[in-house]
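Here the structure is laid out as structure tokens; the discussion comes afterwards.
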Amino acid sequence: MGFGVAAFGLSFGAIANATPVPELEAVGVSDSATDLAQAAPNPSPAPTVEPLDIAPEVIEDSPVLQRWLEEVPDVRSQMRHDPAFRTRVRLGYTELPSTEPDGGVYVGVEDVFLGRTGLTVSGEYQRALEGDRQSYGGDLRYYVRPLGSSINVAPLVGYRHLETDEYTTEGVNVGLRLMLALSRTGAADVSLSQSWVDPGGESEVGLTTLSFGYAVTRNLRVSTDIQRQNAAEDKDSRFGIGLEWMF
């Protein structure tokens with residue numbers, strides 16, 4: 001009996017003198033949080049972008065560098081909406097072998113874009129300096145691939161009037177145009193068009209046109225055209241050379 005009382009007294013004293021458990025846990029959690037905060041690495045400073053060491057004359061001669069230095073472009077959006085070729089106003093001299101004398105002039109506009117779509121409007125007028133030979137008309141073209149593509153195809157539909165020494169015809173002009181853009185700035189491109197005036201009619205005429213343009217300044221190009229006209233009455237050709245102003 002005395003041994004039990006003594007044991008109970010020792011146990012009670014030990015419990016009375018012990019530090020409460022909740023306080024130990026609180027102190028332990030607090031110390032651990034402090035240790036973790038002190039051990040955590042400091043966040044790294046944001047990296048700085050060093051300016052490109054490019055000579056000013058190189059930047060002045062490169063429109064691409066100028067655009068990239070102002071703002072990094074959205075290349076994917078450009079590929080879909082920014083044309084790889086540009087609107088052009090044309091003026092030049094044309095050779096008409098079947099006309100005596102065989103010289104003439106032509107004016108026109110190529111690929112006026114209707115909004116940010118692949119639909120464009122084009123038109124031209126050409127006439128011999130002497131005689132009655134002339135042609136004029138306009139076309140709607142729809143480029144089916146993204147406008148930034150280097151290779152594009154466009155069905156075309158429009159109206160054409162053709163007048164030569166052998167025949168006169170006019171009517172609907174339908175066909176296809178293939179465009180190969182050698183530079184996204186319009187510096188050089190090649191196009192091939194095949195169309196038919198009054199298709200299926202008695203006065204049907206096939207037109208095959210190969211064009212090439214090369215820029216001599218940022219907005220001015222030299223262009224050449226070779227066209228073959230195939231009619232039941234006669235087969236004829238035309239060669240032109242002129243200037244194009246790009247927008």
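Chain labels A, B, ... are given in the sequence in which chains occur in the structure tokens; within each chain residues are numbered consecutively from 1, and ligands are likewise numbered from 1 in the order shown.
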7 Å contact set for Ser150 in chain A, only C-alpha atoms, chain neighbours under 5 positions out, as a PDB file with all heavy atoms, in the first residue's frame:
```pdb
ATOM      1  N   ALA A  84       2.579  37.492 -99.428  1.00  0.00           N
ATOM      2  CA  ALA A  84       3.963  37.378 -99.862  1.00  0.00           C
ATOM      3  C   ALA A  84       4.210  38.189-101.125  1.00  0.00           C
ATOM      4  O   ALA A  84       5.337  38.262-101.599  1.00  0.00           O
ATOM      5  CB  ALA A  84       4.319  35.909-100.104  1.00  0.00           C
ATOM      6  N   LEU A 180       4.335  32.379-107.831  1.00  0.00           N
ATOM      7  CA  LEU A 180       5.532  31.956-107.115  1.00  0.00           C
ATOM      8  C   LEU A 180       6.231  33.207-106.594  1.00  0.00           C
ATOM      9  O   LEU A 180       6.819  33.967-107.361  1.00  0.00           O
ATOM     10  CB  LEU A 180       6.468  31.163-108.027  1.00  0.00           C
ATOM     11  CG  LEU A 180       7.832  30.775-107.448  1.00  0.00           C
ATOM     12  CD1 LEU A 180       7.646  29.897-106.203  1.00  0.00           C
ATOM     13  CD2 LEU A 180       8.684  30.052-108.483  1.00  0.00           C
ATOM     14  N   ALA A 181       6.129  33.445-105.277  1.00  0.00           N
ATOM     15  CA  ALA A 181       6.742  34.618-104.645  1.00  0.00           C
ATOM     16  C   ALA A 181       8.146  34.247-104.186  1.00  0.00           C
ATOM     17  O   ALA A 181       8.316  33.456-103.259  1.00  0.00           O
ATOM     18  CB  ALA A 181       5.891  35.092-103.469  1.00  0.00           C
ATOM     19  N   LEU A 182       9.151  34.812-104.825  1.00  0.00           N
ATOM     20  CA  LEU A 182      10.535  34.519-104.470  1.00  0.00           C
ATOM     21  C   LEU A 182      10.997  35.330-103.276  1.00  0.00           C
ATOM     22  O   LEU A 182      12.050  35.043-102.712  1.00  0.00           O
ATOM     23  CB  LEU A 182      11.447  34.796-105.674  1.00  0.00           C
ATOM     24  CG  LEU A 182      11.062  34.053-106.965  1.00  0.00           C
ATOM     25  CD1 LEU A 182      12.009  34.430-108.092  1.00  0.00           C
ATOM     26  CD2 LEU A 182      11.082  32.551-106.738  1.00  0.00           C
TER      27      LEU A 182
END
```
Counting only C-alpha atoms, which residues of range 148-203 of chain A sit at most 10 Å from some atom of range 218-223 of chain A, and what is each one's closest atom pair with its distance in Å to one decimal, listed by chain and rising residue number, as a Markdown table?
```
| residue | atom | partner | partner_atom | distance |
| --- | --- | --- | --- | --- |
| A:Thr185 | CA | A:Arg218 | CA | 8.3 |
| A:Gly186 | CA | A:Asn219 | CA | 8.5 |
| A:Ala187 | CA | A:Arg221 | CA | 7.6 |
| A:Ala188 | CA | A:Arg221 | CA | 8.4 |
| A:Asp189 | CA | A:Ser223 | CA | 9.6 |
| A:Val190 | CA | A:Ser223 | CA | 9.8 |
```
Could you write those residues out with all heavy atoms, as a CSV table (one decimal), in the first residue's frame?
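Writing done, so here's again12.csv:
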```csv
chain,number,residue,atom,x,y,z
A,185,THR,N,8.9,40.4,-99.6
A,185,THR,CA,8.8,41.9,-99.7
A,185,THR,C,8.4,42.3,-101.1
A,185,THR,O,8.3,43.5,-101.3
A,185,THR,CB,10.2,42.5,-99.4
A,185,THR,OG1,11.1,42.0,-100.3
A,185,THR,CG2,10.6,42.1,-98.0
A,186,GLY,N,8.1,41.4,-102.0
A,186,GLY,CA,7.7,41.7,-103.4
A,186,GLY,C,8.9,42.0,-104.2
A,186,GLY,O,8.8,42.5,-105.3
A,187,ALA,N,10.1,41.7,-103.7
A,187,ALA,CA,11.3,41.9,-104.5
A,187,ALA,C,11.4,41.2,-105.8
A,187,ALA,O,11.9,41.6,-106.8
A,187,ALA,CB,12.6,41.6,-103.7
A,188,ALA,N,10.8,40.0,-105.8
A,188,ALA,CA,10.8,39.2,-107.1
A,188,ALA,C,9.7,38.1,-107.0
A,188,ALA,O,9.4,37.6,-105.9
A,188,ALA,CB,12.2,38.5,-107.2
A,189,ASP,N,9.0,37.9,-108.1
A,189,ASP,CA,8.0,36.9,-108.2
A,189,ASP,C,7.8,36.5,-109.7
A,189,ASP,O,8.1,37.3,-110.6
A,189,ASP,CB,6.7,37.3,-107.5
A,189,ASP,CG,6.1,38.6,-108.1
A,189,ASP,OD1,6.0,38.7,-109.3
A,189,ASP,OD2,5.7,39.4,-107.3
A,190,VAL,N,7.2,35.3,-109.9
A,190,VAL,CA,6.9,34.8,-111.2
A,190,VAL,C,5.5,34.3,-111.1
A,190,VAL,O,5.0,33.7,-110.2
A,190,VAL,CB,7.8,33.6,-111.6
A,190,VAL,CG1,7.5,33.1,-113.0
A,190,VAL,CG2,9.3,34.1,-111.5
```
Applying 7 Å and only C-alpha atoms, which residues near Glu170 in chain A remain after dropping the ones on its own chain fewer than 3 positions away? List them as an mmCIF file with N, CA, C and O atoms, in the first residue's frame.
```cif
data_model
loop_
_atom_site.group_PDB
_atom_site.id
_atom_site.type_symbol
_atom_site.label_atom_id
_atom_site.label_comp_id
_atom_site.auth_asym_id
_atom_site.auth_seq_id
_atom_site.Cartn_x
_atom_site.Cartn_y
_atom_site.Cartn_z
ATOM 1 N N ARG A 160 -13.231 40.354 -120.460
ATOM 2 C CA ARG A 160 -12.128 40.741 -121.332
ATOM 3 C C ARG A 160 -12.651 41.100 -122.717
ATOM 4 O O ARG A 160 -13.550 40.434 -123.254
ATOM 5 N N HIS A 161 -12.074 42.176 -123.274
ATOM 6 C CA HIS A 161 -12.350 42.593 -124.654
ATOM 7 C C HIS A 161 -11.049 42.535 -125.429
ATOM 8 O O HIS A 161 -10.047 43.135 -125.018
ATOM 9 N N LEU A 162 -11.047 41.804 -126.544
ATOM 10 C CA LEU A 162 -9.861 41.665 -127.392
ATOM 11 C C LEU A 162 -10.198 42.116 -128.805
ATOM 12 O O LEU A 162 -11.208 41.673 -129.379
ATOM 13 N N VAL A 197 -11.381 33.480 -122.879
ATOM 14 C CA VAL A 197 -12.376 34.522 -123.090
ATOM 15 C C VAL A 197 -13.535 33.915 -123.887
ATOM 16 O O VAL A 197 -13.309 33.247 -124.910
ATOM 17 N N ASP A 198 -14.760 34.149 -123.420
ATOM 18 C CA ASP A 198 -15.954 33.574 -124.039
ATOM 19 C C ASP A 198 -15.812 32.061 -124.191
ATOM 20 O O ASP A 198 -15.930 31.513 -125.298
#
```
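For the pair CA of Gly115 in chain A and CA of Arg88 in chain A, the interatomic distance is 16.0 Å.
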Original post:
What is the distance, in Å and to one decimal place, between CA of Asn230 in chain A and CA of Gly123 in chain A?
Top reply: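 CA of Asn230 in chain A sits 20.5 Å away from CA of Gly123 in chain A.
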Subject >> Asp236 in chain A surroundings by only C-alpha atoms, 12 Å radius, close-in-sequence under 2 positions cut, as a PyMOL selection string >> reply: chain A and resi 95-99+133+162-167+205-208+226-234+238-239
With N, CA, C and O atoms kept, could you save the residues just selected as an mmCIF file, in the first residue's frame?
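Writing done, so here's part-v5.cif:
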```cif
data_model
loop_
_atom_site.group_PDB
_atom_site.id
_atom_site.type_symbol
_atom_site.label_atom_id
_atom_site.label_comp_id
_atom_site.auth_asym_id
_atom_site.auth_seq_id
_atom_site.Cartn_x
_atom_site.Cartn_y
_atom_site.Cartn_z
ATOM 1 N N GLU A 95 5.195 45.039 -127.297
ATOM 2 C CA GLU A 95 5.417 44.705 -128.704
ATOM 3 C C GLU A 95 4.258 43.846 -129.192
ATOM 4 O O GLU A 95 3.903 42.841 -128.562
ATOM 5 N N LEU A 96 3.676 44.241 -130.333
ATOM 6 C CA LEU A 96 2.538 43.544 -130.928
ATOM 7 C C LEU A 96 2.929 43.130 -132.338
ATOM 8 O O LEU A 96 2.763 43.901 -133.291
ATOM 9 N N PRO A 97 3.472 41.937 -132.522
ATOM 10 C CA PRO A 97 4.047 41.548 -133.812
ATOM 11 C C PRO A 97 3.081 41.616 -134.984
ATOM 12 O O PRO A 97 3.513 41.830 -136.126
ATOM 13 N N SER A 98 1.798 41.449 -134.767
ATOM 14 C CA SER A 98 0.855 41.415 -135.884
ATOM 15 C C SER A 98 0.407 42.800 -136.326
ATOM 16 O O SER A 98 -0.394 42.924 -137.249
ATOM 17 N N THR A 99 0.878 43.837 -135.644
ATOM 18 C CA THR A 99 0.470 45.204 -135.968
ATOM 19 C C THR A 99 1.656 45.962 -136.553
ATOM 20 O O THR A 99 2.775 45.847 -136.079
ATOM 21 N N ARG A 133 -5.842 47.903 -132.783
ATOM 22 C CA ARG A 133 -5.641 46.776 -131.878
ATOM 23 C C ARG A 133 -5.609 47.256 -130.426
ATOM 24 O O ARG A 133 -4.852 48.156 -130.067
ATOM 25 N N LEU A 162 -11.047 41.804 -126.544
ATOM 26 C CA LEU A 162 -9.861 41.665 -127.392
ATOM 27 C C LEU A 162 -10.198 42.116 -128.805
ATOM 28 O O LEU A 162 -11.208 41.673 -129.379
ATOM 29 N N GLU A 163 -9.335 42.954 -129.362
ATOM 30 C CA GLU A 163 -9.556 43.472 -130.713
ATOM 31 C C GLU A 163 -8.234 43.455 -131.466
ATOM 32 O O GLU A 163 -7.264 44.096 -131.048
ATOM 33 N N THR A 164 -8.162 42.686 -132.567
ATOM 34 C CA THR A 164 -6.961 42.606 -133.385
ATOM 35 C C THR A 164 -7.323 42.888 -134.841
ATOM 36 O O THR A 164 -8.486 43.176 -135.166
ATOM 37 N N ASP A 165 -6.298 42.770 -135.713
ATOM 38 C CA ASP A 165 -6.565 42.975 -137.134
ATOM 39 C C ASP A 165 -7.389 41.832 -137.730
ATOM 40 O O ASP A 165 -8.017 41.989 -138.785
ATOM 41 N N GLU A 166 -7.400 40.676 -137.074
ATOM 42 C CA GLU A 166 -8.062 39.499 -137.616
ATOM 43 C C GLU A 166 -9.419 39.216 -136.976
ATOM 44 O O GLU A 166 -10.298 38.628 -137.603
ATOM 45 N N TYR A 167 -9.617 39.586 -135.727
ATOM 46 C CA TYR A 167 -10.856 39.234 -135.042
ATOM 47 C C TYR A 167 -11.084 40.182 -133.868
ATOM 48 O O TYR A 167 -10.178 40.885 -133.398
ATOM 49 N N VAL A 205 -11.223 32.544 -127.119
ATOM 50 C CA VAL A 205 -9.789 32.828 -127.247
ATOM 51 C C VAL A 205 -9.099 32.382 -125.967
ATOM 52 O O VAL A 205 -9.536 32.739 -124.864
ATOM 53 N N GLY A 206 -8.027 31.622 -126.105
ATOM 54 C CA GLY A 206 -7.231 31.220 -124.949
ATOM 55 C C GLY A 206 -6.074 32.186 -124.734
ATOM 56 O O GLY A 206 -5.401 32.593 -125.691
ATOM 57 N N LEU A 207 -5.844 32.565 -123.487
ATOM 58 C CA LEU A 207 -4.763 33.484 -123.139
ATOM 59 C C LEU A 207 -3.803 32.801 -122.172
ATOM 60 O O LEU A 207 -4.207 32.365 -121.094
ATOM 61 N N THR A 208 -2.548 32.717 -122.555
ATOM 62 C CA THR A 208 -1.493 32.183 -121.691
ATOM 63 C C THR A 208 -0.503 33.309 -121.430
ATOM 64 O O THR A 208 0.076 33.852 -122.374
ATOM 65 N N ILE A 226 4.997 37.964 -121.199
ATOM 66 C CA ILE A 226 4.912 37.262 -122.479
ATOM 67 C C ILE A 226 3.533 36.618 -122.531
ATOM 68 O O ILE A 226 3.174 35.827 -121.652
ATOM 69 N N GLN A 227 2.764 36.967 -123.550
ATOM 70 C CA GLN A 227 1.395 36.452 -123.656
ATOM 71 C C GLN A 227 1.176 35.814 -125.018
ATOM 72 O O GLN A 227 1.617 36.341 -126.054
ATOM 73 N N ARG A 228 0.486 34.692 -125.008
ATOM 74 C CA ARG A 228 0.110 33.985 -126.227
ATOM 75 C C ARG A 228 -1.397 33.958 -126.336
ATOM 76 O O ARG A 228 -2.090 33.568 -125.391
ATOM 77 N N GLN A 229 -1.914 34.402 -127.482
ATOM 78 C CA GLN A 229 -3.354 34.404 -127.737
ATOM 79 C C GLN A 229 -3.670 33.336 -128.782
ATOM 80 O O GLN A 229 -3.098 33.343 -129.873
ATOM 81 N N ASN A 230 -4.578 32.437 -128.432
ATOM 82 C CA ASN A 230 -4.951 31.347 -129.334
ATOM 83 C C ASN A 230 -6.426 31.456 -129.678
ATOM 84 O O ASN A 230 -7.292 31.235 -128.821
ATOM 85 N N ALA A 231 -6.698 31.826 -130.916
ATOM 86 C CA ALA A 231 -8.069 31.934 -131.410
ATOM 87 C C ALA A 231 -8.216 31.082 -132.662
ATOM 88 O O ALA A 231 -7.222 30.717 -133.306
ATOM 89 N N ALA A 232 -9.454 30.756 -133.014
ATOM 90 C CA ALA A 232 -9.696 29.956 -134.215
ATOM 91 C C ALA A 232 -9.235 30.706 -135.456
ATOM 92 O O ALA A 232 -8.722 30.109 -136.414
ATOM 93 N N GLU A 233 -9.386 32.042 -135.469
ATOM 94 C CA GLU A 233 -9.027 32.831 -136.639
ATOM 95 C C GLU A 233 -7.525 33.060 -136.765
ATOM 96 O O GLU A 233 -6.988 33.153 -137.876
ATOM 97 N N ASP A 234 -6.830 33.123 -135.620
ATOM 98 C CA ASP A 234 -5.420 33.502 -135.681
ATOM 99 C C ASP A 234 -4.758 33.175 -134.341
ATOM 100 O O ASP A 234 -5.422 33.078 -133.313
ATOM 101 N N ARG A 238 2.348 38.564 -127.600
ATOM 102 C CA ARG A 238 2.648 39.917 -127.127
ATOM 103 C C ARG A 238 3.784 39.840 -126.123
ATOM 104 O O ARG A 238 3.851 38.922 -125.302
ATOM 105 N N PHE A 239 4.692 40.813 -126.205
ATOM 106 C CA PHE A 239 5.782 40.918 -125.241
ATOM 107 C C PHE A 239 5.787 42.328 -124.683
ATOM 108 O O PHE A 239 5.742 43.312 -125.429
#
```
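Relative to CA of Tyr142 in chain A, CA of Val172 in chain A is found at 16.4 Å.
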**OP:** Go through range 78-236 of chain A and collect every residue that DSSP, computed from the backbone, puts in strand (DSSP E); the answer should be as a PyMOL selection string.
**Re:** chain A and resi 88-95+103-113+119-128+134-142+151-163+168-181+188-197+205-215+220-231+235-236
Subject >> Non-local contacts of Val121 in chain A (8 Å; only C-alpha atoms; under 2 positions in same chain excluded) as a PyMOL selection string >> reply: chain A and resi 110-114+119+123+138-141
Keeping all heavy atoms, export the residues of the selection given above as a PDB file, in the first residue's frame.
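What ended up in selection_9.pdb:
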```pdb
ATOM      1  N   GLU A 110      -2.504  45.373-110.380  1.00  0.00           N
ATOM      2  CA  GLU A 110      -2.491  43.952-110.067  1.00  0.00           C
ATOM      3  C   GLU A 110      -2.745  43.720-108.579  1.00  0.00           C
ATOM      4  O   GLU A 110      -2.100  44.332-107.725  1.00  0.00           O
ATOM      5  CB  GLU A 110      -1.138  43.325-110.437  1.00  0.00           C
ATOM      6  CG  GLU A 110      -0.877  43.230-111.922  1.00  0.00           C
ATOM      7  CD  GLU A 110      -1.635  42.081-112.561  1.00  0.00           C
ATOM      8  OE1 GLU A 110      -1.744  41.010-111.941  1.00  0.00           O
ATOM      9  OE2 GLU A 110      -2.130  42.268-113.679  1.00  0.00           O
ATOM     10  N   ASP A 111      -3.680  42.841-108.290  1.00  0.00           N
ATOM     11  CA  ASP A 111      -3.914  42.303-106.944  1.00  0.00           C
ATOM     12  C   ASP A 111      -4.170  43.384-105.887  1.00  0.00           C
ATOM     13  O   ASP A 111      -3.402  43.561-104.946  1.00  0.00           O
ATOM     14  CB  ASP A 111      -2.735  41.425-106.510  1.00  0.00           C
ATOM     15  CG  ASP A 111      -2.648  40.142-107.313  1.00  0.00           C
ATOM     16  OD1 ASP A 111      -3.711  39.545-107.571  1.00  0.00           O
ATOM     17  OD2 ASP A 111      -1.533  39.741-107.693  1.00  0.00           O
ATOM     18  N   VAL A 112      -5.271  44.095-106.057  1.00  0.00           N
ATOM     19  CA  VAL A 112      -5.756  44.991-105.004  1.00  0.00           C
ATOM     20  C   VAL A 112      -6.530  44.124-104.016  1.00  0.00           C
ATOM     21  O   VAL A 112      -7.581  43.570-104.343  1.00  0.00           O
ATOM     22  CB  VAL A 112      -6.666  46.092-105.580  1.00  0.00           C
ATOM     23  CG1 VAL A 112      -7.184  46.985-104.461  1.00  0.00           C
ATOM     24  CG2 VAL A 112      -5.914  46.908-106.624  1.00  0.00           C
ATOM     25  N   PHE A 113      -6.013  43.986-102.797  1.00  0.00           N
ATOM     26  CA  PHE A 113      -6.603  43.077-101.814  1.00  0.00           C
ATOM     27  C   PHE A 113      -7.880  43.665-101.226  1.00  0.00           C
ATOM     28  O   PHE A 113      -7.935  44.853-100.879  1.00  0.00           O
ATOM     29  CB  PHE A 113      -5.605  42.790-100.693  1.00  0.00           C
ATOM     30  CG  PHE A 113      -4.432  41.967-101.141  1.00  0.00           C
ATOM     31  CD1 PHE A 113      -3.281  42.571-101.612  1.00  0.00           C
ATOM     32  CD2 PHE A 113      -4.495  40.586-101.102  1.00  0.00           C
ATOM     33  CE1 PHE A 113      -2.206  41.815-102.041  1.00  0.00           C
ATOM     34  CE2 PHE A 113      -3.419  39.816-101.522  1.00  0.00           C
ATOM     35  CZ  PHE A 113      -2.271  40.438-101.992  1.00  0.00           C
ATOM     36  N   LEU A 114      -8.899  42.817-101.121  1.00  0.00           N
ATOM     37  CA  LEU A 114     -10.167  43.200-100.517  1.00  0.00           C
ATOM     38  C   LEU A 114     -10.144  42.745 -99.065  1.00  0.00           C
ATOM     39  O   LEU A 114     -10.474  41.594 -98.750  1.00  0.00           O
ATOM     40  CB  LEU A 114     -11.335  42.575-101.275  1.00  0.00           C
ATOM     41  CG  LEU A 114     -11.424  42.950-102.761  1.00  0.00           C
ATOM     42  CD1 LEU A 114     -12.625  42.281-103.412  1.00  0.00           C
ATOM     43  CD2 LEU A 114     -11.484  44.461-102.945  1.00  0.00           C
ATOM     44  N   LEU A 119      -9.065  37.427-101.639  1.00  0.00           N
ATOM     45  CA  LEU A 119      -9.755  37.960-102.813  1.00  0.00           C
ATOM     46  C   LEU A 119      -9.095  39.249-103.278  1.00  0.00           C
ATOM     47  O   LEU A 119      -8.884  40.167-102.488  1.00  0.00           O
ATOM     48  CB  LEU A 119     -11.220  38.211-102.474  1.00  0.00           C
ATOM     49  CG  LEU A 119     -12.157  38.557-103.638  1.00  0.00           C
ATOM     50  CD1 LEU A 119     -12.226  37.404-104.633  1.00  0.00           C
ATOM     51  CD2 LEU A 119     -13.542  38.890-103.108  1.00  0.00           C
ATOM     52  N   GLY A 123      -6.889  44.694-113.119  1.00  0.00           N
ATOM     53  CA  GLY A 123      -7.397  45.207-114.387  1.00  0.00           C
ATOM     54  C   GLY A 123      -6.271  45.767-115.233  1.00  0.00           C
ATOM     55  O   GLY A 123      -5.209  46.150-114.717  1.00  0.00           O
ATOM     56  N   GLY A 138     -10.942  43.186-116.626  1.00  0.00           N
ATOM     57  CA  GLY A 138     -10.630  43.073-115.209  1.00  0.00           C
ATOM     58  C   GLY A 138     -10.998  41.694-114.693  1.00  0.00           C
ATOM     59  O   GLY A 138     -11.836  40.995-115.279  1.00  0.00           O
ATOM     60  N   ASP A 139     -10.340  41.305-113.597  1.00  0.00           N
ATOM     61  CA  ASP A 139     -10.546  39.967-113.031  1.00  0.00           C
ATOM     62  C   ASP A 139     -10.669  40.024-111.519  1.00  0.00           C
ATOM     63  O   ASP A 139     -10.071  40.883-110.855  1.00  0.00           O
ATOM     64  CB  ASP A 139      -9.355  39.041-113.357  1.00  0.00           C
ATOM     65  CG  ASP A 139      -9.178  38.825-114.845  1.00  0.00           C
ATOM     66  OD1 ASP A 139     -10.198  38.670-115.545  1.00  0.00           O
ATOM     67  OD2 ASP A 139      -8.017  38.823-115.307  1.00  0.00           O
ATOM     68  N   LEU A 140     -11.446  39.092-110.993  1.00  0.00           N
ATOM     69  CA  LEU A 140     -11.442  38.776-109.572  1.00  0.00           C
ATOM     70  C   LEU A 140     -10.648  37.492-109.388  1.00  0.00           C
ATOM     71  O   LEU A 140     -10.876  36.506-110.097  1.00  0.00           O
ATOM     72  CB  LEU A 140     -12.868  38.571-109.045  1.00  0.00           C
ATOM     73  CG  LEU A 140     -13.705  39.816-108.773  1.00  0.00           C
ATOM     74  CD1 LEU A 140     -15.132  39.386-108.424  1.00  0.00           C
ATOM     75  CD2 LEU A 140     -13.114  40.633-107.633  1.00  0.00           C
ATOM     76  N   ARG A 141      -9.716  37.496-108.432  1.00  0.00           N
ATOM     77  CA  ARG A 141      -8.913  36.314-108.146  1.00  0.00           C
ATOM     78  C   ARG A 141      -9.073  35.958-106.671  1.00  0.00           C
ATOM     79  O   ARG A 141      -9.117  36.844-105.833  1.00  0.00           O
ATOM     80  CB  ARG A 141      -7.433  36.568-108.445  1.00  0.00           C
ATOM     81  CG  ARG A 141      -7.160  37.011-109.874  1.00  0.00           C
ATOM     82  CD  ARG A 141      -5.744  37.525-110.031  1.00  0.00           C
ATOM     83  NE  ARG A 141      -5.480  38.013-111.373  1.00  0.00           N
ATOM     84  CZ  ARG A 141      -4.429  38.751-111.708  1.00  0.00           C
ATOM     85  NH1 ARG A 141      -3.530  39.070-110.782  1.00  0.00           N
ATOM     86  NH2 ARG A 141      -4.259  39.173-112.955  1.00  0.00           N
TER      87      ARG A 141
END
```
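Using only C-alpha atoms, the shortest contact distance between Leu178 in chain A and any of A:Gly118, A:Pro155, A:Gly213, A:Gly108 is found at A:Pro155.
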